file run_14.tsv (TSV, C-alpha atoms and all ligand atoms)
chain	number	residue	atom	x	y	z
J	696	MET	CA	95.21	132.04	136.10
J	697	ASN	CA	94.75	128.58	137.48
J	698	LEU	CA	92.49	125.87	136.09
J	699	LEU	CA	89.39	127.07	137.90
J	700	ASP	CA	89.79	130.60	136.61
J	701	VAL	CA	90.10	129.26	133.10
J	702	LEU	CA	86.89	127.21	133.50
J	703	PHE	CA	85.07	130.21	134.89
J	704	SER	CA	86.21	132.47	132.13
J	705	ARG	CA	85.05	129.93	129.54
J	706	GLU	CA	81.64	129.68	131.16
J	707	ILE	CA	81.29	133.42	131.28
J	708	LYS	CA	82.36	133.74	127.65
J	709	ARG	CA	79.74	131.17	126.71
J	710	ARG	CA	76.95	132.93	128.61
J	711	THR	CA	77.72	136.50	127.69
J	712	GLY	CA	78.68	135.86	124.12
J	713	ALA	CA	81.55	138.25	124.51
J	714	HIS	CA	84.86	137.48	122.95
J	715	ALA	CA	86.99	139.67	125.07
J	716	ILE	CA	86.33	139.44	128.78
J	717	SER	CA	88.27	140.53	131.76
J	718	ILE	CA	87.73	138.55	134.90
J	719	TYR	CA	88.32	139.78	138.36
J	720	ILE	CA	88.38	137.08	140.93
J	721	ASP	CA	88.36	137.83	144.58
J	722	SER	CA	89.36	134.70	146.28
J	723	VAL	CA	89.23	134.01	149.97
J	724	ASP	CA	92.29	131.93	149.65
J	725	SER	CA	93.40	131.58	146.07
J	726	LYS	CA	96.29	129.33	146.91
J	727	LYS	CA	94.06	126.87	148.71
J	728	ARG	CA	91.42	127.01	145.94
J	729	SER	CA	93.86	126.40	143.20
J	730	ARG	CA	94.79	123.07	144.69
J	731	SER	CA	91.22	121.98	145.35
J	732	ARG	CA	89.49	119.40	143.16
J	733	GLY	CA	85.94	118.09	142.59
J	734	LYS	CA	83.45	118.92	145.34
J	735	LYS	CA	86.06	120.97	147.08
J	736	ALA	CA	86.41	123.05	143.94
J	737	ILE	CA	82.68	123.75	143.82
J	738	LYS	CA	82.79	124.74	147.44
J	739	ALA	CA	85.74	126.97	146.84
J	740	SER	CA	83.95	128.55	143.89
J	741	LYS	CA	81.09	129.62	146.16
J	742	ASN	CA	83.52	131.65	148.15
J	743	THR	CA	84.73	133.34	145.00
J	744	LYS	CA	83.31	136.60	143.86
J	745	ILE	CA	83.37	137.02	140.13
J	746	THR	CA	82.77	140.17	138.18
J	747	THR	CA	82.98	140.42	134.43
J	748	LYS	CA	83.54	143.26	132.09
J	749	LYS	CA	81.82	142.47	128.85
J	750	ALA	CA	83.59	143.67	125.78
J	751	LYS	CA	81.76	144.50	122.62
J	752	ALA	CA	80.88	141.22	120.90
J	753	SER	CA	82.31	140.75	117.41
J	754	LEU	CA	80.12	140.99	114.33
J	755	PHE	CA	80.18	137.23	113.79
J	756	ARG	CA	79.24	136.55	117.40
J	757	ARG	CA	76.34	139.01	117.20
J	758	LEU	CA	75.18	137.40	113.95
J	759	ASP	CA	75.43	134.01	115.59
J	760	ILE	CA	73.24	135.11	118.51
J	761	ARG	CA	70.66	136.79	116.29
J	762	PHE	CA	70.49	134.11	113.62
J	763	PRO	CA	71.34	130.78	115.28
J	764	TRP	CA	70.30	128.87	112.14
J	765	LEU	CA	72.85	130.69	109.96
J	766	LYS	CA	75.76	128.42	110.89
J	767	LEU	CA	73.73	125.32	110.00
J	768	ALA	CA	72.72	126.81	106.65
J	769	VAL	CA	76.34	127.60	105.72
J	770	ALA	CA	77.44	124.11	106.80
J	771	CYS	CA	74.71	122.56	104.59
J	772	ILE	CA	75.78	124.59	101.54
J	773	LEU	CA	79.45	123.64	102.02
J	774	GLY	CA	78.40	120.00	102.46
J	775	LEU	CA	76.47	120.08	99.18
J	776	ILE	CA	79.44	121.60	97.37
J	777	ALA	CA	81.68	118.84	98.75
J	778	ILE	CA	79.23	116.13	97.61
J	779	PHE	CA	78.99	117.67	94.11
J	780	ASP	CA	82.75	117.78	93.99
J	781	LEU	CA	83.18	114.16	95.04
J	782	LEU	CA	80.60	112.92	92.56
J	783	ASP	CA	82.24	115.05	89.90
J	784	LEU	CA	78.95	116.69	89.02
J	785	THR	CA	80.63	119.35	87.00
J	786	ILE	CA	78.52	122.45	86.84
J	787	SER	CA	80.57	124.57	84.49
J	788	LYS	CA	80.93	124.07	80.76
J	789	ALA	CA	77.44	122.59	80.47
J	790	GLY	CA	76.87	120.26	77.59
J	791	TYR	CA	80.39	118.90	77.40
J	792	SER	CA	80.22	115.14	77.40
J	793	GLY	CA	83.69	114.08	76.41
J	794	PRO	CA	85.81	111.36	77.96
J	795	LYS	CA	86.76	111.25	81.62
J	796	LEU	CA	88.85	114.39	81.50
J	797	ALA	CA	86.82	116.72	83.65
J	798	VAL	CA	88.29	118.27	86.71
J	799	ALA	CA	85.42	119.37	88.92
J	800	PRO	CA	85.34	123.15	89.33
J	801	PHE	CA	85.78	123.07	93.07
J	802	SER	CA	88.43	120.39	93.05
J	803	LYS	CA	91.86	121.17	94.34
J	804	HIS	CA	93.07	117.76	93.17
J	805	VAL	CA	93.77	117.06	89.53
J	806	ARG	CA	93.02	113.41	89.04
J	807	ILE	CA	95.17	112.08	86.29
J	808	SER	CA	98.17	114.30	86.05
J	809	GLU	CA	99.19	117.86	86.68
J	810	ARG	CA	98.05	118.77	83.21
J	811	ASP	CA	94.53	119.90	82.50
J	812	PHE	CA	92.98	118.28	79.42
J	813	TYR	CA	89.47	119.48	80.16
J	814	GLY	CA	87.50	119.85	76.93
J	815	LYS	CA	90.63	119.38	74.81
J	816	LYS	CA	91.12	117.21	71.75
J	817	LEU	CA	94.25	115.11	72.25
J	818	VAL	CA	97.09	114.28	69.88
J	819	ALA	CA	100.38	112.48	70.26
J	820	LEU	CA	103.47	113.71	68.46
J	821	THR	CA	105.84	110.83	67.73
J	822	PHE	CA	109.42	111.11	66.51
J	823	ASP	CA	111.25	108.29	64.72
J	824	ASP	CA	114.79	107.46	63.65
J	825	GLY	CA	116.70	109.52	66.26
J	826	PRO	CA	118.28	110.52	68.46
J	827	SER	CA	120.45	112.87	66.44
J	828	ALA	CA	123.16	114.94	68.13
J	829	GLU	CA	122.38	117.87	65.79
J	830	THR	CA	118.61	118.08	65.76
J	831	THR	CA	117.17	116.15	68.73
J	832	PRO	CA	118.49	118.55	71.45
J	833	LYS	CA	116.96	121.48	69.52
J	834	LEU	CA	113.65	119.64	69.30
J	835	LEU	CA	113.80	118.88	73.04
J	836	ASP	CA	114.31	122.60	73.73
J	837	VAL	CA	111.15	123.37	71.74
J	838	LEU	CA	109.08	120.66	73.40
J	839	TYR	CA	110.27	121.80	76.82
J	840	GLU	CA	109.48	125.42	76.12
J	841	LYS	CA	106.04	124.54	74.72
J	842	ASP	CA	105.32	121.96	77.43
J	843	ALA	CA	104.45	119.32	74.85
J	844	PRO	CA	105.44	115.81	75.99
J	845	SER	CA	105.92	113.49	73.02
J	846	THR	CA	106.97	109.95	72.22
J	847	PHE	CA	110.39	109.05	70.79
J	848	PHE	CA	110.72	105.87	68.74
J	849	MET	CA	114.48	105.66	68.79
J	850	LEU	CA	116.89	103.41	66.97
J	851	GLY	CA	119.04	101.34	69.32
J	852	SER	CA	122.10	102.05	67.19
J	853	ARG	CA	121.60	105.83	67.42
J	854	ALA	CA	120.69	105.69	71.13
J	855	GLU	CA	123.98	103.93	71.78
J	856	ASN	CA	125.84	106.87	70.19
J	857	ASN	CA	123.83	109.52	72.06
J	858	PRO	CA	123.39	108.25	75.62
J	859	ASP	CA	123.02	111.75	77.12
J	860	ILE	CA	120.19	112.61	74.76
J	861	VAL	CA	118.36	109.41	75.70
J	862	LYS	CA	118.69	110.37	79.36
J	863	ARG	CA	117.45	113.88	78.65
J	864	ILE	CA	114.41	112.55	76.74
J	865	LYS	CA	113.57	110.38	79.74
J	866	LYS	CA	114.17	113.17	82.26
J	867	GLU	CA	111.97	115.64	80.40
J	868	GLY	CA	108.92	113.40	80.62
J	869	HIS	CA	108.66	112.00	77.09
J	870	ASP	CA	107.78	108.38	76.40
J	871	ILE	CA	110.67	106.25	75.24
J	872	ALA	CA	109.94	103.61	72.63
J	873	SER	CA	111.86	101.37	70.25
J	874	HIS	CA	112.19	101.68	66.48
J	875	THR	CA	114.43	98.57	66.47
J	876	MET	CA	118.24	98.49	66.34
J	877	TYR	CA	119.23	99.11	62.69
J	878	HIS	CA	116.03	100.15	60.90
J	879	GLN	CA	115.75	96.96	58.89
J	880	ASN	CA	112.61	95.91	57.06
J	881	LEU	CA	111.68	93.14	59.51
J	882	ILE	CA	109.40	91.23	57.14
J	883	ARG	CA	112.22	90.93	54.58
J	884	ILE	CA	114.86	89.41	56.86
J	885	SER	CA	114.95	86.06	58.63
J	886	ARG	CA	112.91	85.56	61.78
J	887	GLY	CA	116.08	85.07	63.78
J	888	ALA	CA	117.59	88.31	62.46
J	889	ALA	CA	114.37	90.20	63.16
J	890	GLU	CA	114.27	88.85	66.71
J	891	ASP	CA	117.93	89.81	67.29
J	892	ASP	CA	117.32	93.32	65.98
J	893	ILE	CA	114.26	93.83	68.20
J	894	ASN	CA	115.93	92.44	71.32
J	895	GLN	CA	119.20	94.27	70.85
J	896	ALA	CA	117.35	97.60	70.64
J	897	LYS	CA	115.35	96.74	73.72
J	898	ASP	CA	118.52	95.93	75.70
J	899	VAL	CA	120.37	99.08	74.65
J	900	ILE	CA	117.43	101.40	75.33
J	901	THR	CA	116.68	99.75	78.68
J	902	LYS	CA	120.31	100.18	79.74
J	903	LEU	CA	120.42	103.86	78.75
J	904	ALA	CA	116.97	104.96	79.85
J	905	GLY	CA	116.85	102.79	82.96
J	906	LYS	CA	113.51	101.48	81.79
J	907	ALA	CA	112.38	99.15	78.99
J	908	PRO	CA	110.90	100.85	75.91
J	909	LEU	CA	107.14	101.22	76.38
J	910	PHE	CA	106.19	100.63	72.74
J	911	THR	CA	107.65	99.45	69.45
J	912	ARG	CA	107.23	100.86	65.97
J	913	PRO	CA	108.64	98.57	63.27
J	914	PRO	CA	110.51	100.43	60.48
J	915	TYR	CA	108.17	101.34	57.57
J	916	GLY	CA	105.31	100.09	59.76
J	917	ASN	CA	106.05	96.61	58.44
J	918	THR	CA	105.21	93.68	60.66
J	919	ASN	CA	103.39	90.36	60.65
J	920	ASP	CA	101.90	88.19	63.39
J	921	ALA	CA	105.14	86.39	64.22
J	922	ILE	CA	107.16	89.62	64.35
J	923	SER	CA	104.48	91.44	66.35
J	924	ARG	CA	104.66	88.69	68.97
J	925	MET	CA	108.44	89.12	69.21
J	926	MET	CA	108.10	92.80	70.04
J	927	ASP	CA	106.46	92.02	73.36
J	928	THR	CA	105.11	95.58	73.69
J	929	PRO	CA	102.12	97.39	72.17
J	930	ILE	CA	102.86	98.31	68.53
J	931	ILE	CA	102.21	101.95	67.73
J	932	LEU	CA	101.82	102.99	64.10
J	933	TRP	CA	100.22	106.32	63.08
J	934	SER	CA	97.12	107.98	61.67
J	935	VAL	CA	98.71	111.24	60.47
J	936	ASP	CA	101.78	111.09	58.23
J	937	THR	CA	103.40	114.52	57.98
J	938	GLU	CA	105.74	113.21	55.23
J	939	ASP	CA	108.40	115.42	56.77
J	940	TRP	CA	111.13	113.14	55.36
J	941	LYS	CA	109.81	113.81	51.85
J	942	SER	CA	108.99	117.53	51.83
J	943	LYS	CA	111.66	118.69	54.28
J	944	ASP	CA	109.69	121.93	54.29
J	945	LYS	CA	108.37	123.59	57.43
J	946	ASP	CA	105.15	125.00	55.92
J	947	ALA	CA	104.32	121.78	54.10
J	948	ILE	CA	104.81	119.76	57.29
J	949	VAL	CA	102.46	122.03	59.26
J	950	SER	CA	99.77	122.11	56.58
J	951	THR	CA	99.88	118.34	55.97
J	952	ALA	CA	99.61	117.68	59.71
J	953	MET	CA	96.76	120.18	60.18
J	954	SER	CA	94.81	118.82	57.21
J	955	GLU	CA	94.76	115.30	58.68
J	956	ILE	CA	94.73	116.01	62.41
J	957	HIS	CA	91.90	114.55	64.53
J	958	ASP	CA	91.12	113.87	68.16
J	959	GLY	CA	93.21	110.87	69.23
J	960	ALA	CA	95.64	111.20	66.31
J	961	ILE	CA	99.12	109.71	66.39
J	962	ILE	CA	101.31	112.00	64.29
J	963	LEU	CA	104.39	110.60	62.58
J	964	MET	CA	107.49	112.81	62.37
J	965	HIS	CA	111.26	112.34	62.42
J	966	ASP	CA	113.55	114.17	64.82
J	967	ILE	CA	116.51	113.96	62.45
J	968	TYR	CA	115.53	116.78	60.05
J	969	PRO	CA	116.09	120.49	60.80
J	970	SER	CA	112.86	121.31	58.90
J	971	THR	CA	110.89	119.08	61.27
J	972	VAL	CA	112.36	120.86	64.30
J	973	GLU	CA	111.42	124.18	62.67
J	974	ALA	CA	107.86	123.02	61.98
J	975	VAL	CA	107.08	121.74	65.48
J	976	PRO	CA	106.59	125.11	67.28
J	977	GLU	CA	104.21	126.29	64.58
J	978	LEU	CA	102.33	122.99	64.50
J	979	ILE	CA	101.90	123.14	68.30
J	980	LYS	CA	100.67	126.74	68.14
J	981	THR	CA	98.26	126.11	65.27
J	982	ALA	CA	96.85	122.90	66.75
J	983	ARG	CA	96.41	124.46	70.18
J	984	ALA	CA	94.48	127.35	68.65
J	985	ASP	CA	92.17	124.68	67.22
J	986	GLY	CA	91.54	123.08	70.66
J	987	TYR	CA	94.19	120.34	70.62
J	988	GLU	CA	96.57	119.43	73.42
J	989	PHE	CA	99.70	117.33	73.15
J	990	VAL	CA	100.21	114.11	75.08
J	991	THR	CA	102.51	111.12	75.12
J	992	ILE	CA	101.17	107.79	73.88
J	993	SER	CA	100.84	106.53	77.45
J	994	GLU	CA	98.96	109.67	78.50
J	995	LEU	CA	96.68	109.29	75.48
J	996	ALA	CA	95.94	105.66	76.41
J	997	ASP	CA	95.26	106.69	80.02
J	998	GLN	CA	92.94	109.46	78.95
J	999	ARG	CA	91.06	107.16	76.59
J	1000	ASP	CA	90.85	104.38	79.20
J	1001	VAL	CA	92.60	102.01	76.84
J	1002	ASN	CA	94.75	99.20	78.18
J	1003	LEU	CA	97.30	98.84	75.39
J	1004	SER	CA	98.16	95.18	74.90
J	1005	ASP	CA	101.43	93.64	73.78
J	1006	GLY	CA	101.65	92.59	70.14
J	1007	THR	CA	98.56	94.62	69.16
J	1008	ILE	CA	98.80	97.37	66.53
J	1009	TYR	CA	97.33	100.82	67.27
J	1010	TYR	CA	96.99	103.51	64.62
J	1011	ASN	CA	95.20	106.09	66.75
J	1012	LEU	CA	93.19	106.35	69.96
J	1013	ARG	CA	90.03	108.15	68.98
J	1014	PRO	CA	87.53	108.98	71.76
L	1	NI	NI	111.88	104.97	60.61

call {"tool": "encode", "arguments": {"input": "run_14.tsv", "output": "C-alpha cells", "more": "lines below"}}
Ligand code: NI
result
Amino acid sequence: MNLLDVLFSREIKRRTGAHAISIYIDSVDSKKRSRSRGKKAIKASKNTKITTKKAKASLFRRLDIRFPWLKLAVACILGLIAIFDLLDLTISKAGYSGPKLAVAPFSKHVRISERDFYGKKLVALTFDDGPSAETTPKLLDVLYEKDAPSTFFMLGSRAENNPDIVKRIKKEGHDIASHTMYHQNLIRISRGAAEDDINQAKDVITKLAGKAPLFTRPPYGNTNDAISRMMDTPIILWSVDTEDWKSKDKDAIVSTAMSEIHDGAIILMHDIYPSTVEAVPELIKTARADGYEFVTISELADQRDVNLSDGTIYYNLRP
C-alpha cells in the first residue's frame, strides 16, 4: 500500500464504521499515482476505482454509532473521579477525620511513604543503651519480620564496639539517635564534661552510620537549658515507660506498655535485655490488634506535621 491507499482506507473506515476492511484498488497506473502529490493526487484518485468489503463492526463501534453521547459520559465520570482523587475527597471510611494520613481510594500514589497509616493510631518504639552484640541483632530480626521501624538511642561507647550493628540499624530503616557517649548524668557533671560526652557520641555515631544522629535522649531524661542547647538536636523523652529494666519480665513489659499506650506515644525500652526482645513481638501484635501502627520518631513527626526543633524536649506527639 502506498500513502494514498492508506488515506483512502482510513476515510473508508471512518465512513463505514467498520474495523476490518479490505480495499481493492484498481489503478490506471499505480506506479504513476503513487508518486503524485497534491492536486495531481486528487486527479489520480478520480481514476481509481475503489470497492470495499465491510466487515462486521465490533461491539464497541456499534455502541459508539448508536449512542454517540456514551463516550462523553464515560469521559465525564472518569474526569470527576480524577478530580475527587486530586482533591483527596476520600469517599470511603466516612466519618474519619484524623490527621493527614488518608490515601484517597483511587490513588495509585501513596503520599508520605510506602506504608499505609490510614485510620491508624501511631506509636514509636524507642530503644536505649545499646547496641548489644547479644540482644540487638535478635531485636532487629523481630522488627524486620514485623515491619516495625523504631528509633535507637545508642550509646557512643557501645556503638564504637558494634559498628556492624549500627550499620544494620541504619540499613533496615530505623532512626538513629544519640544517648550520649558514656551514659553519665549530665546535670551532675561539669558543663565541659557534658559537652565532651555529647559531642563525642555525635562524632562516633556520625562516622559509623554515615549520618549525624537525628535526636538526643539524655541519660535518665536529665537535662537543663544549657545542656539542651549543647545537644543541637531535638530532645526526645517518652510518655510510656515500660520499666523493662526493672521487671525484666516479658508479660509485665507488655501489660505495662498496653496500659499506658496512646496515639502519639513514645515508648521507652532498652535493647540490652533478653526479656525486652521477647516482649516486643507480643507488644506489636497486641497493639496492632488495638489499631496501632509502629513508626520511627521522624515518621511520627512527619505524620503529625510537627517540625521538631533543636534543643526542645518532646515527650509524645499526640494528634
Ligand atoms: Ni539509658

call {"tool": "residues_around", "arguments": {"input": "run_14.tsv", "residues": "stretch 874-881 of chain J", "least_positions_apart": "5", "cutoff": "6 Å", "atoms": "all atoms listed in the file", "output": "number ranges by chain"}}
result
J: 848-852, 889, 892-893, 896, 911-914

call {"tool": "write_last_selection", "arguments": {"input": "run_14.tsv", "atoms": "C-alpha atoms", "output": "mmCIF file, keeping the file's coordinate frame"}}
result
data_model
loop_
_atom_site.group_PDB
_atom_site.id
_atom_site.type_symbol
_atom_site.label_atom_id
_atom_site.label_comp_id
_atom_site.auth_asym_id
_atom_site.auth_seq_id
_atom_site.Cartn_x
_atom_site.Cartn_y
_atom_site.Cartn_z
ATOM 1 C CA PHE J 848 110.720 105.870 68.740
ATOM 2 C CA MET J 849 114.480 105.660 68.790
ATOM 3 C CA LEU J 850 116.890 103.410 66.970
ATOM 4 C CA GLY J 851 119.040 101.340 69.320
ATOM 5 C CA SER J 852 122.100 102.050 67.190
ATOM 6 C CA ALA J 889 114.370 90.200 63.160
ATOM 7 C CA ASP J 892 117.320 93.320 65.980
ATOM 8 C CA ILE J 893 114.260 93.830 68.200
ATOM 9 C CA ALA J 896 117.350 97.600 70.640
ATOM 10 C CA THR J 911 107.650 99.450 69.450
ATOM 11 C CA ARG J 912 107.230 100.860 65.970
ATOM 12 C CA PRO J 913 108.640 98.570 63.270
ATOM 13 C CA PRO J 914 110.510 100.430 60.480
#

call {"tool": "residues_around", "arguments": {"input": "run_14.tsv", "residues": "stretch 961-976 of chain J", "least_positions_apart": "6", "cutoff": "9 Å", "atoms": "all atoms listed in the file", "output": "PDB file with C-alpha atoms, in the frame of the given file"}}
result
ATOM      1  CA  VAL J 818      97.090 114.280  69.880  1.00  0.00           C
ATOM      2  CA  ALA J 819     100.380 112.480  70.260  1.00  0.00           C
ATOM      3  CA  LEU J 820     103.470 113.710  68.460  1.00  0.00           C
ATOM      4  CA  THR J 821     105.840 110.830  67.730  1.00  0.00           C
ATOM      5  CA  PHE J 822     109.420 111.110  66.510  1.00  0.00           C
ATOM      6  CA  ASP J 823     111.250 108.290  64.720  1.00  0.00           C
ATOM      7  CA  ASP J 824     114.790 107.460  63.650  1.00  0.00           C
ATOM      8  CA  GLY J 825     116.700 109.520  66.260  1.00  0.00           C
ATOM      9  CA  PRO J 826     118.280 110.520  68.460  1.00  0.00           C
ATOM     10  CA  SER J 827     120.450 112.870  66.440  1.00  0.00           C
ATOM     11  CA  ALA J 828     123.160 114.940  68.130  1.00  0.00           C
ATOM     12  CA  GLU J 829     122.380 117.870  65.790  1.00  0.00           C
ATOM     13  CA  THR J 830     118.610 118.080  65.760  1.00  0.00           C
ATOM     14  CA  THR J 831     117.170 116.150  68.730  1.00  0.00           C
ATOM     15  CA  LYS J 833     116.960 121.480  69.520  1.00  0.00           C
ATOM     16  CA  LEU J 834     113.650 119.640  69.300  1.00  0.00           C
ATOM     17  CA  VAL J 837     111.150 123.370  71.740  1.00  0.00           C
ATOM     18  CA  LEU J 838     109.080 120.660  73.400  1.00  0.00           C
ATOM     19  CA  LYS J 841     106.040 124.540  74.720  1.00  0.00           C
ATOM     20  CA  PHE J 847     110.390 109.050  70.790  1.00  0.00           C
ATOM     21  CA  ILE J 931     102.210 101.950  67.730  1.00  0.00           C
ATOM     22  CA  LEU J 932     101.820 102.990  64.100  1.00  0.00           C
ATOM     23  CA  TRP J 933     100.220 106.320  63.080  1.00  0.00           C
ATOM     24  CA  SER J 934      97.120 107.980  61.670  1.00  0.00           C
ATOM     25  CA  VAL J 935      98.710 111.240  60.470  1.00  0.00           C
ATOM     26  CA  ASP J 936     101.780 111.090  58.230  1.00  0.00           C
ATOM     27  CA  THR J 937     103.400 114.520  57.980  1.00  0.00           C
ATOM     28  CA  GLU J 938     105.740 113.210  55.230  1.00  0.00           C
ATOM     29  CA  ASP J 939     108.400 115.420  56.770  1.00  0.00           C
ATOM     30  CA  TRP J 940     111.130 113.140  55.360  1.00  0.00           C
ATOM     31  CA  SER J 942     108.990 117.530  51.830  1.00  0.00           C
ATOM     32  CA  LYS J 943     111.660 118.690  54.280  1.00  0.00           C
ATOM     33  CA  ASP J 944     109.690 121.930  54.290  1.00  0.00           C
ATOM     34  CA  LYS J 945     108.370 123.590  57.430  1.00  0.00           C
ATOM     35  CA  ASP J 946     105.150 125.000  55.920  1.00  0.00           C
ATOM     36  CA  ALA J 947     104.320 121.780  54.100  1.00  0.00           C
ATOM     37  CA  ILE J 948     104.810 119.760  57.290  1.00  0.00           C
ATOM     38  CA  VAL J 949     102.460 122.030  59.260  1.00  0.00           C
ATOM     39  CA  ALA J 952      99.610 117.680  59.710  1.00  0.00           C
ATOM     40  CA  ILE J 992     101.170 107.790  73.880  1.00  0.00           C
ATOM     41  CA  TYR J1010      96.990 103.510  64.620  1.00  0.00           C
ATOM     42  CA  ASN J1011      95.200 106.090  66.750  1.00  0.00           C
ATOM     43  CA  LEU J1012      93.190 106.350  69.960  1.00  0.00           C
TER      44      LEU J1012
END

call {"tool": "residues_around", "arguments": {"input": "run_14.tsv", "residues": "J:Ala907", "least_positions_apart": "2", "cutoff": "10 Å", "atoms": "all atoms listed in the file", "output": "number ranges by chain"}}
result
J: 871-873, 896-905, 909-910, 928

call {"tool": "atom_distance", "arguments": {"input": "run_14.tsv", "atom1": "atom CA of J:Cys771", "atom2": "atom CA of J:Ser753"}}
result
23.5 Å

call {"tool": "atom_distance", "arguments": {"input": "run_14.tsv", "atom1": "atom CA of J:Glu977", "atom2": "atom CA of J:Phe989"}}
result
13.2 Å

call {"tool": "atom_distance", "arguments": {"input": "run_14.tsv", "atom1": "atom CA of J:Asp1000", "atom2": "atom CA of J:Ile922"}}
result
26.5 Å

call {"tool": "closest_residue", "arguments": {"input": "run_14.tsv", "among": "J:Arg853, J:Lys766, J:Asn1002, J:Arg886", "to": "ligand NI 1 (chain L)", "atoms": "only C-alpha atoms and all ligand atoms"}}
result
J:Arg853

call {"tool": "closest_residue", "arguments": {"input": "run_14.tsv", "among": "J:Asp920, J:Tyr915, J:Glu955, J:Arg757", "to": "ligand NI 1 (chain L)", "atoms": "only C-alpha atoms and all ligand atoms"}}
result
J:Tyr915

call {"tool": "residues_near_point", "arguments": {"input": "run_14.tsv", "point": "(104.6, 93.2, 71.6)", "cutoff": "8 Å", "atoms": "all atoms listed in the file", "output": "ChimeraX atom specification"}}
result
/J:910-911,923-930,1004-1007

call {"tool": "residues_around", "arguments": {"input": "run_14.tsv", "residues": "J:Met953", "least_positions_apart": "6", "cutoff": "8 Å", "atoms": "all atoms listed in the file", "output": "list of chain:residue names"}}
result
J:Leu978, J:Thr981, J:Ala982

call {"tool": "axis_aligned_box", "arguments": {"input": "run_14.tsv", "around": "stretch 867-871 of chain J", "padding_each_side": "8 Å", "output": "JSON"}}
result
{"center_x": 109.9, "center_y": 110.9, "center_z": 77.9, "size_x": 20.2, "size_y": 25.4, "size_z": 21.4}

call {"tool": "closest_residue", "arguments": {"input": "run_14.tsv", "among": "J:Gly916, J:Phe762, J:Arg983, J:Lys865", "to": "ligand NI 1 (chain L)", "atoms": "only C-alpha atoms and all ligand atoms"}}
result
J:Gly916
